[in-house]
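> Okay, handing you the structure first.
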Amino acid sequence: SAAEKGGYDYFMLKEIAEQPKAVADTLLGRIDASGVLSLDEVRIPPAVLREVDKVVIVACGTAYHAGMIAKYAIEHWTRIPCETELASEFRYRDPILDRRTLVIAISQSGETMDTLMALRHAREQGAKVLAICNTNGSTIPRESDAVLYTHAGPEVAVASTKAFLTQLVACYLVALYVAQVRGTKWGDEIRDVVRELAAIGTQVEQVLRTMEPVRALARSLADKNTVLFLGRHVGYPVALEGALKLKELAYMHAEGFAAGELKHGPIALIEDDLPVVVVVPSPRGRSVLHDKIVSNIQEIRARGARTIVIAEEGDETVVPYADHLVRIPRTPVLLQPLVSTVPLQVFACELATARGNEVDQPRNLAKSVTVE
Ligand code: G6P
């Protein structure tokens with residue numbers, strides 16, 4: 001009913017709008033005033049966490065994209081090797097797991113069969129499993145050694161939005177917590193990140209306030225067949241997520257690529273007026289990547305692409321090459337997906353609406369897939 005949707009036309013719009021509160025709720029009580037993380041609910045003893053020599057993340061769909069982003073954060077902050085794998089592929093390749101492996105299973109519903117089978121396999125091999133989940137008491141957390149709930153509140157729309165952002169927050173919390181426990185790189189960088197993470201809801205809110213041009217752009221592209229998405233580093237999984245949203249909702253051919261791979265194939269797809277969304281990393285921090293992606297934008301534009309550029313405030317170098325420019329607030333490099341994903345959600349939702357599609361219940365999809 002309209003009341004359930006809180007005055008919005010679709011649950012998806014309501015859930016997109018709820019994201020500032022959702023991320024704040026996921027953070028609630030988990031970072032104290034002095035910036036120390038307290039995750040007592042992660043009942044894996046610090047002694048065990050200190051022994052972990054490999055992290056493996058398993059998930060499906062949108063949760064898998066959160067896991068891909070988490071890999072960058074975990075390896076950078078903890079220096080523990082981390083791999084992220086599609087849950088449906090994981091157990092069939094005879095993965096190497098033992099007592100020193102920490103497996104993180106990410107699932108909004110806690111009922112996805114592929115993810116459940118992957119975590120069962122991991123536990124049989126003696127690995128410890130931590131679930132990141134949004135649904136209290138669901139099967140995946142019940143069968144795990146520990147759980148970090150995301151507290152996004154119920155997500156009704158099939159296409160995941162607020163659950164994704166809170167999965168990211170939970171992954172960052174776990175990465176920072178493990179770094180804290182192990183004392184790795186526990187310095188100024190981590191302190192700054194914790195402070196900025198604690199305030200991220202405000203940044204998400206700022207993005208939401210500036211989405212009208214993105215909606216207008218989406219409507220103007222309603223008769224296109226293909227949209228491509230490019231990103232690098234943590235922007236690469238964001239590109240994949242942007243493409244997934246467009247497939248799910250707009251039923252369009254949408255693909256995400258690592259921008260560095262462009263020259264190894266995908267650039268052949270560029271033709272006149274093809275919309276290409278580019279997620280630009282911060283010019284601060286890993287600025288080499290920034291320069292490389294700016295050349296990618298120039299390359300595709302020279303071949304006729306219509307460039308839709310998502311870039312940090314104050315990044316002026318992209319301006320001459322952007323047919324459409326979407327600004328996002330400055331964040332630490334690794335946290336950028338929390339703000340850069342939001343315009344892609346709005347874009348897909350508006351395109352679906354413009355194409356007359358059912359936003360909350362896309363054809364052929366289920367909110368939670370309980371078969372393998
Ligand atoms: C289904 C949904 C996706 C979701 C995926 C994983 O395919 O349509 O939106 O990302 O399942 O769901 P989970 O509940 O495990 O996060």
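Residue names in the structure tokens use chain letters A, B, ... in the order shown, residue numbers from 1 in each chain, and ligand numbers from 1 in the order shown.
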Quick one: contact table of chain A to ligand 1, 7 Å max, nearest atom pair and distance in Å to one decimal per residue, counting only C-alpha atoms and all ligand atoms, chain and number order, as a tab-separated table?


```
residue	atom	partner	partner_atom_place_in_ligand_line	distance
A:Ala59	CA	ligand 1	15 (O)	6.4
A:Cys60	CA	ligand 1	6 (C)	4.7
A:Gly61	CA	ligand 1	10 (O)	3.9
A:Thr62	CA	ligand 1	10 (O)	3.8
A:Ala63	CA	ligand 1	16 (O)	5.0
A:Ile106	CA	ligand 1	16 (O)	6.4
A:Ser107	CA	ligand 1	16 (O)	3.4
A:Gln108	CA	ligand 1	16 (O)	3.6
A:Ser109	CA	ligand 1	14 (O)	3.5
A:Gly110	CA	ligand 1	14 (O)	5.6
A:Glu111	CA	ligand 1	14 (O)	6.2
A:Thr112	CA	ligand 1	15 (O)	4.6
A:Thr115	CA	ligand 1	15 (O)	6.7
A:Val158	CA	ligand 1	8 (O)	5.3
A:Ala159	CA	ligand 1	9 (O)	4.6
A:Ser160	CA	ligand 1	9 (O)	4.8
A:Leu365	CA	ligand 1	8 (O)	5.7
A:Ala366	CA	ligand 1	8 (O)	5.1
A:Lys367	CA	ligand 1	8 (O)	4.5
A:Ser368	CA	ligand 1	1 (C)	4.8
A:Val369	CA	ligand 1	1 (C)	5.6
```

> With only C-alpha atoms as the counted atoms, please give the residues lying no more than 6 Å from Val227 of chain A, apart from itself and same-chain residues fewer than 6 positions off, as a PyMOL selection string.

chain A and resi 254+275-276

> In Å, how far is it from atom CA of Arg191 of chain A to atom CA of Leu148 of chain A?

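These atoms are spaced 21.4 Å apart.
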
> Using only C-alpha atoms, find the one residue out of A:Leu39, A:Val346, A:Val52, A:Ile80 that sits nearest to Lys14 of chain A.

A:Val346

> Taking only C-alpha atoms into account, name the residue in A:Val278, A:Ile270, A:Ile16, A:Val178 that is nearest to Tyr236 of chain A.

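Selected residue with least distance to Tyr236 of chain A: A:Val278.
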
> In terms of the shortest atom-to-atom distance over only C-alpha atoms, which of A:Val42, A:Leu344, A:Leu28, A:Ile310 is closest to Glu241 of chain A?

A:Leu344

> May I ask for the distance between atom CA of Pro281 of chain A and atom CA of Tyr72 of chain A, given in Å to one decimal place?

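A separation of 13.6 Å between them.
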
> With only C-alpha atoms as the basis for distance, which of A:Arg43, A:Arg303, A:Arg232, A:Lys245 is at the shortest distance from Phe257 of chain A?

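Checking each candidate against Phe257 of chain A, we get A:Arg232 as the closest.
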
> With distances taken over only C-alpha atoms, which of A:Val280, A:Leu176, A:Ala352, A:Leu262 is nearest to Gly35 of chain A?

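Closest residue, counting only C-alpha atoms: A:Leu176.
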
> Which is closer to Ile190 of chain A than all the others in A:His151, A:His76, A:Arg142, A:Lys162, using only C-alpha atoms?

A:His76
